[in-house]
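> Okay, here's the structure, questions in a sec.
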Amino acid sequence: MSDAPQPEAPPQLFSQAFAADPYPAYAWLRTHAPVRWTRLPSGVEAWLVTRYADAKQALADPRLSKNPAHHAEPAGAEGRTGIPGERKAELMTHLLNIDPPDHTRLRRLVSKAFTPRRVAAFTPRVQELADRLIDGFAGRGSADLIHEFAFPLPIYAICDMLGVPAEDQDDFRDWAGMMIRHGGGPRGGVARSVKKMRGYLTELIHRKRSDLGDDLISGLIRASDHGEHLTENEAAAMCFVLLFAGFETTVNLIGNGTYALLTHPEQRRALAGSLARGERALLETGVEELLRFDGPVELATWRFATRPVELGGQRIAEGEPVLVVLAAADRDPERFARPDALDLSRRDNQHLGYGHGIHYCLGAPLARLEGQTALATLLRRLPDLGLAADPADLRWRGGLIMRGLRELPVAFTP
Ligand code: HEM
């Protein structure tokens, strides 16, 4: 059994209290209704999968497609379900909404350019960014770590890596800010920001084609596999998904991770001590544990049954949507010892925070680099960093897929 207190009755999902702490509700679901047909706030209904074993199976099941065209929409809904990519106008083909063989081809091409080696070479740049952002508020004694640190770091990092010129990066910051503030909802401002970002990327790719450098966009243009290349449209969609999949996730890794450290002083002391001794092992296992304990992606992105599928004793019919609740699976006591305890030194930690199977996070090496650098730099530079708010007053974003704080007020000695 999990040691999180479990509600006795079926929990109310998607409320304010749920957004602040969904884990008791997930413990209830794992025990009483591990694969459960649920109405989401948008009105769409989907299966929620909460046990680790079922989650892992679902993430790797080829009968569960990522293509929203397989969604059997209820009569009259006609593309109004709020499932990203389902509305024709927004439809954009990228890794997260396609299946093999197209997925295999695109993933192979992008993997030739977005390599662990490229990420490793980027280490000093991420360090510089983290230091520059901390310089911006270190003299003040207080800050909102979401707006001043967790939010700008990943957007500048990915812009740099792609090769977006420095003078245009603040536009990206604004567009990304609009997207994160208003979630993925089909609101005007978000749609406009997406359109602007996409337009900009398309033009940048076009320009780079005749002036290749050593940035990631040039790498994507150069990448070839058995004579195949990305088309300009595919390259633009690829850049977009790198930004889109790699931005809010990393903001939340830094935000949720810092929050967890600040609310678990013993763990934080152990990490600070090990960093002061020049060790990295606890930082590395620690960032994985923070992903498991309170990861950025609460639910993996949509899947749709292309055939009937048995999962956790339920029969999922063709066309029905499936949402794998990574946050619930990663606290499953059947898989993890003391799942509700934060243990930065945890070793047996095959968490699903980056997904599993063919859609396993492509950006995991970059996310690890950013997460490790951000947390280590904060602890080193601001040794007495403390929370400047009552945890009960902190506001969490109520988005469906992501889990993260709206703000994280902190105080420290300037
Ligand atoms: C896929 C998590 C950072 C790029 C995924 C998936 C998860 C995930 C759970 C699988 C989704 C599914 O199966 O439905 C995370 C977390 C991150 C992070 C927790 C940060 C801590 C990044 C970064 C990038 C990135 C920094 C790139 C710059 C991608 C891409 C995919 C993906 C392109 C789609 C891969 C595919 O479909 O083949 N990520 N991600 N992610 N992620 Fe990440």
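Residues are referred to by chain and number: the chain letter is A, B, ... according to the order shown in the structure tokens, the number counts from 1 in that chain, and ligands are numbered separately from 1 in the order shown.
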Counting only C-alpha atoms and all ligand atoms, which protein, DNA or RNA residues come within 6 Å of ligand 1, given as a ChimeraX atom specification?

/A:95-96,107,241-243,245-246,249-250,253,296-297,300-301,353-355,358-364,366-367

> Output the selection as a PDB file, in the first residue's frame - C-alpha atoms for each residue.


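Saved file again_30.pdb follows:
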```pdb
ATOM      1  CA  LEU A  95       6.722  12.997 -33.700  1.00  0.00           C
ATOM      2  CA  LEU A  96       4.075  13.171 -31.000  1.00  0.00           C
ATOM      3  CA  ARG A 107      12.893   9.980 -35.442  1.00  0.00           C
ATOM      4  CA  VAL A 241       7.972  20.008 -31.406  1.00  0.00           C
ATOM      5  CA  LEU A 242      11.441  20.399 -29.883  1.00  0.00           C
ATOM      6  CA  LEU A 243      10.402  23.765 -28.494  1.00  0.00           C
ATOM      7  CA  ALA A 245       7.928  19.354 -25.931  1.00  0.00           C
ATOM      8  CA  GLY A 246      11.111  20.654 -24.372  1.00  0.00           C
ATOM      9  CA  THR A 249       8.449  20.275 -19.282  1.00  0.00           C
ATOM     10  CA  THR A 250      11.861  21.634 -18.317  1.00  0.00           C
ATOM     11  CA  LEU A 253      11.348  20.038 -13.787  1.00  0.00           C
ATOM     12  CA  PRO A 296       6.624  17.739 -15.078  1.00  0.00           C
ATOM     13  CA  VAL A 297       4.436  15.498 -17.243  1.00  0.00           C
ATOM     14  CA  ALA A 300       1.512  11.253 -21.299  1.00  0.00           C
ATOM     15  CA  THR A 301       0.082  12.659 -24.516  1.00  0.00           C
ATOM     16  CA  GLY A 353       8.705  10.465 -16.365  1.00  0.00           C
ATOM     17  CA  TYR A 354      10.205  10.489 -19.866  1.00  0.00           C
ATOM     18  CA  GLY A 355       7.691   7.974 -21.190  1.00  0.00           C
ATOM     19  CA  ILE A 358       9.193   4.436 -29.326  1.00  0.00           C
ATOM     20  CA  HIS A 359       8.019   7.885 -28.147  1.00  0.00           C
ATOM     21  CA  TYR A 360      10.471   7.916 -25.219  1.00  0.00           C
ATOM     22  CA  CYS A 361      11.587  11.500 -24.706  1.00  0.00           C
ATOM     23  CA  LEU A 362      14.008  12.529 -27.403  1.00  0.00           C
ATOM     24  CA  GLY A 363      15.212  15.447 -25.284  1.00  0.00           C
ATOM     25  CA  ALA A 364      16.005  13.497 -22.105  1.00  0.00           C
ATOM     26  CA  LEU A 366      19.130  17.944 -22.658  1.00  0.00           C
ATOM     27  CA  ALA A 367      16.496  17.909 -19.906  1.00  0.00           C
TER      28      ALA A 367
END
```

> List every residue of segment 339-378 of chain A that has an atom at most 10 Å from any atom of segment 139-160 of chain A, giving for each one its closest atom pair and the distance in Å to one decimal, counting only C-alpha atoms, sorted by chain and then by ascending residue number, as a Markdown table.


```
| residue | atom | partner | partner_atom | distance |
| --- | --- | --- | --- | --- |
| A:Leu366 | CA | A:Ile158 | CA | 9.0 |
| A:Ala367 | CA | A:Pro154 | CA | 8.6 |
| A:Glu370 | CA | A:Pro154 | CA | 7.3 |
| A:Gly371 | CA | A:Ala150 | CA | 9.4 |
| A:Ala374 | CA | A:Ala150 | CA | 8.1 |
| A:Leu375 | CA | A:Ala150 | CA | 9.9 |
| A:Leu378 | CA | A:Phe149 | CA | 9.6 |
```

> Got time to write the residues from that selection, N, CA and C atoms, as a tab-separated table (two decimals), in the first residue's frame?


```tsv
chain	number	residue	atom	x	y	z
A	366	LEU	N	19.13	16.49	-22.86
A	366	LEU	CA	19.13	17.94	-22.66
A	366	LEU	C	18.39	18.31	-21.37
A	367	ALA	N	17.26	17.62	-21.13
A	367	ALA	CA	16.50	17.91	-19.91
A	367	ALA	C	17.34	17.61	-18.66
A	370	GLU	N	19.94	20.36	-18.24
A	370	GLU	CA	19.36	21.61	-17.73
A	370	GLU	C	18.94	21.44	-16.28
A	371	GLY	N	18.30	20.33	-15.96
A	371	GLY	CA	17.82	20.11	-14.59
A	371	GLY	C	18.98	20.05	-13.61
A	374	ALA	N	20.72	23.54	-13.37
A	374	ALA	CA	19.89	24.54	-12.69
A	374	ALA	C	19.88	24.30	-11.18
A	375	LEU	N	19.64	23.07	-10.76
A	375	LEU	CA	19.52	22.81	-9.32
A	375	LEU	C	20.86	22.96	-8.62
A	378	LEU	N	21.72	26.70	-8.32
A	378	LEU	CA	20.92	27.38	-7.28
A	378	LEU	C	21.45	27.06	-5.89
```

> May I have all residues of segment 80-316 of chain A that DSSP, computed from the backbone, assigns to alpha helix (DSSP H), given as an MDAnalysis selection string?

chainID A and resid 102:113 116:121 123:135 145 152:162 169:181 188:209 216:222 232:262 265:276 281:294

> Name all residues at most 6 Å from segment 66-75 of chain A (count only C-alpha atoms; drop same-chain ones fewer than 5 positions away) and give them as JSON, numbers by chain.

{"A": [86, 97, 98, 303, 304, 319]}

> Kindly give the distance, in Å, that separates atom CA of His229 of chain A and atom CA of Arg108 of chain A, rounded to a single decimal.

10.4 Å

> Any idea what's packed within 9 Å of segment 397-412 of chain A, counting only C-alpha atoms, ignoring anything in its chain fewer than 6 positions away? Could you give it as a VMD selection string?

chain A and resid 14 to 16 18 to 20 40 to 41 138 140 to 147 181 to 184 248 to 249 251 to 253 255 to 256 258 to 259 294 to 301 325 382 to 389

> Could you save the residues just selected, with C-alpha atoms, as a PDB file, in the first residue's frame?


```
ATOM      1  CA  PHE A  14      -9.444  18.112 -11.790  1.00  0.00           C
ATOM      2  CA  SER A  15     -10.532  20.339  -8.868  1.00  0.00           C
ATOM      3  CA  GLN A  16      -8.348  23.060  -7.332  1.00  0.00           C
ATOM      4  CA  PHE A  18      -6.544  18.004  -6.977  1.00  0.00           C
ATOM      5  CA  ALA A  19      -4.253  20.375  -8.905  1.00  0.00           C
ATOM      6  CA  ALA A  20      -2.382  21.168  -5.663  1.00  0.00           C
ATOM      7  CA  LEU A  40     -12.191  15.391 -18.585  1.00  0.00           C
ATOM      8  CA  PRO A  41     -12.749  19.106 -17.933  1.00  0.00           C
ATOM      9  CA  ALA A 138      21.081  37.438  -6.559  1.00  0.00           C
ATOM     10  CA  ARG A 140      17.920  41.398  -4.257  1.00  0.00           C
ATOM     11  CA  GLY A 141      17.392  38.702  -1.632  1.00  0.00           C
ATOM     12  CA  SER A 142      14.129  37.505  -3.128  1.00  0.00           C
ATOM     13  CA  ALA A 143      12.806  36.259  -6.452  1.00  0.00           C
ATOM     14  CA  ASP A 144      10.056  34.375  -8.189  1.00  0.00           C
ATOM     15  CA  LEU A 145      12.022  31.371  -9.338  1.00  0.00           C
ATOM     16  CA  ILE A 146       9.492  30.395 -11.977  1.00  0.00           C
ATOM     17  CA  HIS A 147       9.514  33.708 -13.853  1.00  0.00           C
ATOM     18  CA  ARG A 181       0.081  30.895 -19.402  1.00  0.00           C
ATOM     19  CA  HIS A 182      -2.927  29.794 -21.385  1.00  0.00           C
ATOM     20  CA  GLY A 183      -2.178  26.089 -21.704  1.00  0.00           C
ATOM     21  CA  GLY A 184      -2.882  24.292 -24.944  1.00  0.00           C
ATOM     22  CA  GLU A 248       7.228  23.726 -20.332  1.00  0.00           C
ATOM     23  CA  THR A 249       8.449  20.275 -19.282  1.00  0.00           C
ATOM     24  CA  VAL A 251      10.351  24.724 -16.646  1.00  0.00           C
ATOM     25  CA  ASN A 252       8.401  22.324 -14.450  1.00  0.00           C
ATOM     26  CA  LEU A 253      11.348  20.038 -13.787  1.00  0.00           C
ATOM     27  CA  GLY A 255      10.192  24.456 -10.609  1.00  0.00           C
ATOM     28  CA  ASN A 256       8.807  21.229  -9.108  1.00  0.00           C
ATOM     29  CA  THR A 258      13.324  23.155  -6.477  1.00  0.00           C
ATOM     30  CA  TYR A 259      10.034  23.123  -4.593  1.00  0.00           C
ATOM     31  CA  ASP A 294       6.754  15.065  -8.850  1.00  0.00           C
ATOM     32  CA  GLY A 295       7.543  15.059 -12.542  1.00  0.00           C
ATOM     33  CA  PRO A 296       6.624  17.739 -15.078  1.00  0.00           C
ATOM     34  CA  VAL A 297       4.436  15.498 -17.243  1.00  0.00           C
ATOM     35  CA  GLU A 298       1.418  14.363 -15.251  1.00  0.00           C
ATOM     36  CA  LEU A 299      -0.206  12.513 -18.157  1.00  0.00           C
ATOM     37  CA  ALA A 300       1.512  11.253 -21.299  1.00  0.00           C
ATOM     38  CA  THR A 301       0.082  12.659 -24.516  1.00  0.00           C
ATOM     39  CA  VAL A 325      -1.051   8.939 -15.921  1.00  0.00           C
ATOM     40  CA  LEU A 382      22.161  30.702  -2.903  1.00  0.00           C
ATOM     41  CA  PRO A 383      23.013  28.386  -0.015  1.00  0.00           C
ATOM     42  CA  ASP A 384      20.285  29.629   2.323  1.00  0.00           C
ATOM     43  CA  LEU A 385      17.544  29.692  -0.319  1.00  0.00           C
ATOM     44  CA  GLY A 386      14.147  29.267   1.344  1.00  0.00           C
ATOM     45  CA  LEU A 387      10.509  29.272   0.376  1.00  0.00           C
ATOM     46  CA  ALA A 388       8.900  32.700   0.909  1.00  0.00           C
ATOM     47  CA  ALA A 389       5.298  31.474   0.906  1.00  0.00           C
TER      48      ALA A 389
END
```

> Of the candidates A:Leu262, A:Leu129, A:Ala113, A:Leu64, which shows the shortest atom-to-atom distance to Glu318 of chain A, using only C-alpha atoms?

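The answer is A:Leu64, which sits nearest to Glu318 of chain A.
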
> Restricting the calculation to only C-alpha atoms: of A:Tyr26, A:Trp37, A:Phe244, A:Phe172, which residue gets closest to Glu320 of chain A?

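Among the listed residues, A:Trp37 lies closest to Glu320 of chain A.
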
> Using only C-alpha atoms, which of the listed residues (A:Thr377, A:Leu109, A:Leu282, A:Leu216) sits closest to Glu128 of chain A?

A:Thr377

> Residues within 12 Å of Gln57 of chain A, please, as a VMD selection string. Count only C-alpha atoms; anything in the same chain fewer than 5 positions from it doesn't count.

chain A and resid 49 to 52 62 to 64 309 to 312 324 329 352 355 to 357

> Just want the 10 Å neighbourhood of segment 219-225 of chain A, counted on only C-alpha atoms, with same-chain residues fewer than 3 positions away dropped. Output as a compact mmCIF listing (two decimals) with N, CA and C atoms, in the first residue's frame.


```txt
# COMPACT_ATOMS: atom_id res chain seq x y z
N ARG A 105 10.92 7.00 -39.47
CA ARG A 105 11.75 7.75 -40.42
C ARG A 105 12.14 9.11 -39.83
N LEU A 106 11.15 9.85 -39.28
CA LEU A 106 11.45 11.18 -38.74
C LEU A 106 12.36 11.08 -37.51
N ARG A 108 14.51 8.79 -36.80
CA ARG A 108 15.87 8.44 -37.19
C ARG A 108 16.61 9.67 -37.72
N LEU A 109 15.92 10.47 -38.50
CA LEU A 109 16.56 11.66 -39.06
C LEU A 109 16.93 12.66 -37.96
N VAL A 110 15.99 12.93 -37.06
CA VAL A 110 16.29 13.93 -36.03
C VAL A 110 17.38 13.42 -35.09
N SER A 111 17.41 12.10 -34.86
CA SER A 111 18.42 11.56 -33.95
C SER A 111 19.83 11.73 -34.49
N LYS A 112 19.95 11.90 -35.81
CA LYS A 112 21.29 12.12 -36.38
C LYS A 112 21.80 13.51 -36.06
N ALA A 113 20.89 14.46 -35.82
CA ALA A 113 21.32 15.83 -35.54
C ALA A 113 21.28 16.15 -34.05
N PHE A 114 20.24 15.68 -33.37
CA PHE A 114 20.06 16.00 -31.95
C PHE A 114 20.69 14.87 -31.14
N THR A 115 22.01 14.85 -31.09
CA THR A 115 22.73 13.73 -30.51
C THR A 115 23.14 14.03 -29.07
N LEU A 162 19.11 25.61 -31.25
CA LEU A 162 18.56 25.58 -32.60
C LEU A 162 19.31 26.53 -33.53
N ILE A 205 14.59 28.44 -41.19
CA ILE A 205 15.09 27.22 -41.85
C ILE A 205 15.43 27.53 -43.30
N HIS A 206 14.56 28.30 -43.91
CA HIS A 206 14.77 28.67 -45.30
C HIS A 206 16.08 29.44 -45.47
N LYS A 208 18.67 29.41 -43.37
CA LYS A 208 19.85 28.61 -43.00
C LYS A 208 20.26 27.67 -44.12
N ARG A 209 19.30 27.27 -44.92
CA ARG A 209 19.57 26.33 -45.99
C ARG A 209 20.74 26.81 -46.88
N LEU A 212 24.60 27.30 -43.96
CA LEU A 212 24.62 26.30 -42.89
C LEU A 212 25.71 26.60 -41.86
N GLY A 213 25.37 26.38 -40.58
CA GLY A 213 26.35 26.58 -39.51
C GLY A 213 26.47 25.29 -38.71
N ASP A 214 26.84 25.41 -37.42
CA ASP A 214 26.90 24.15 -36.66
C ASP A 214 25.78 24.06 -35.62
N ASP A 215 24.72 24.84 -35.81
CA ASP A 215 23.58 24.77 -34.89
C ASP A 215 22.68 23.58 -35.25
N LEU A 216 21.68 23.36 -34.39
CA LEU A 216 20.81 22.19 -34.58
C LEU A 216 19.95 22.29 -35.84
N GLU A 228 17.52 9.98 -47.66
CA GLU A 228 16.32 10.77 -47.34
C GLU A 228 16.68 11.97 -46.47
N HIS A 229 15.96 13.08 -46.67
CA HIS A 229 16.14 14.27 -45.85
C HIS A 229 14.80 14.71 -45.30
N LEU A 230 14.85 15.64 -44.34
CA LEU A 230 13.59 16.25 -43.89
C LEU A 230 13.18 17.29 -44.93
N THR A 231 11.90 17.37 -45.24
CA THR A 231 11.44 18.47 -46.10
C THR A 231 11.44 19.74 -45.24
N GLU A 232 11.26 20.90 -45.86
CA GLU A 232 11.26 22.15 -45.08
C GLU A 232 10.12 22.14 -44.07
N GLU A 234 8.72 19.49 -42.72
CA GLU A 234 9.04 18.53 -41.65
C GLU A 234 10.06 19.13 -40.69
N ALA A 235 11.03 19.86 -41.23
CA ALA A 235 12.04 20.47 -40.37
C ALA A 235 11.39 21.52 -39.47
N ALA A 236 10.44 22.29 -40.02
CA ALA A 236 9.76 23.31 -39.21
C ALA A 236 8.94 22.65 -38.11
N MET A 238 9.50 19.81 -36.82
CA MET A 238 10.44 19.20 -35.87
C MET A 238 10.95 20.26 -34.88
N CYS A 239 11.34 21.43 -35.39
CA CYS A 239 11.80 22.49 -34.49
C CYS A 239 10.68 22.87 -33.54
```

> What are the DSSP strand (DSSP E) residues of segment 293-412 of chain A, as a list in words?

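Of segment 293-412 of chain A, the ones in strand (DSSP E) are Arg303, Phe304, Ala305, Val309, Glu310, Leu311, Gln314, Arg315, Ile316, Pro321, Val322, Leu323, Val324, Gly386, Leu387, Pro409, Val410 and Ala411 of chain A.
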
> For Pro124 of chain A, which residue among A:Leu48, A:Thr373, A:Ala341, A:Arg39 is the nearest when counting only C-alpha atoms?

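Once distances to Pro124 of chain A are computed over only C-alpha atoms, the minimum belongs to A:Thr373.
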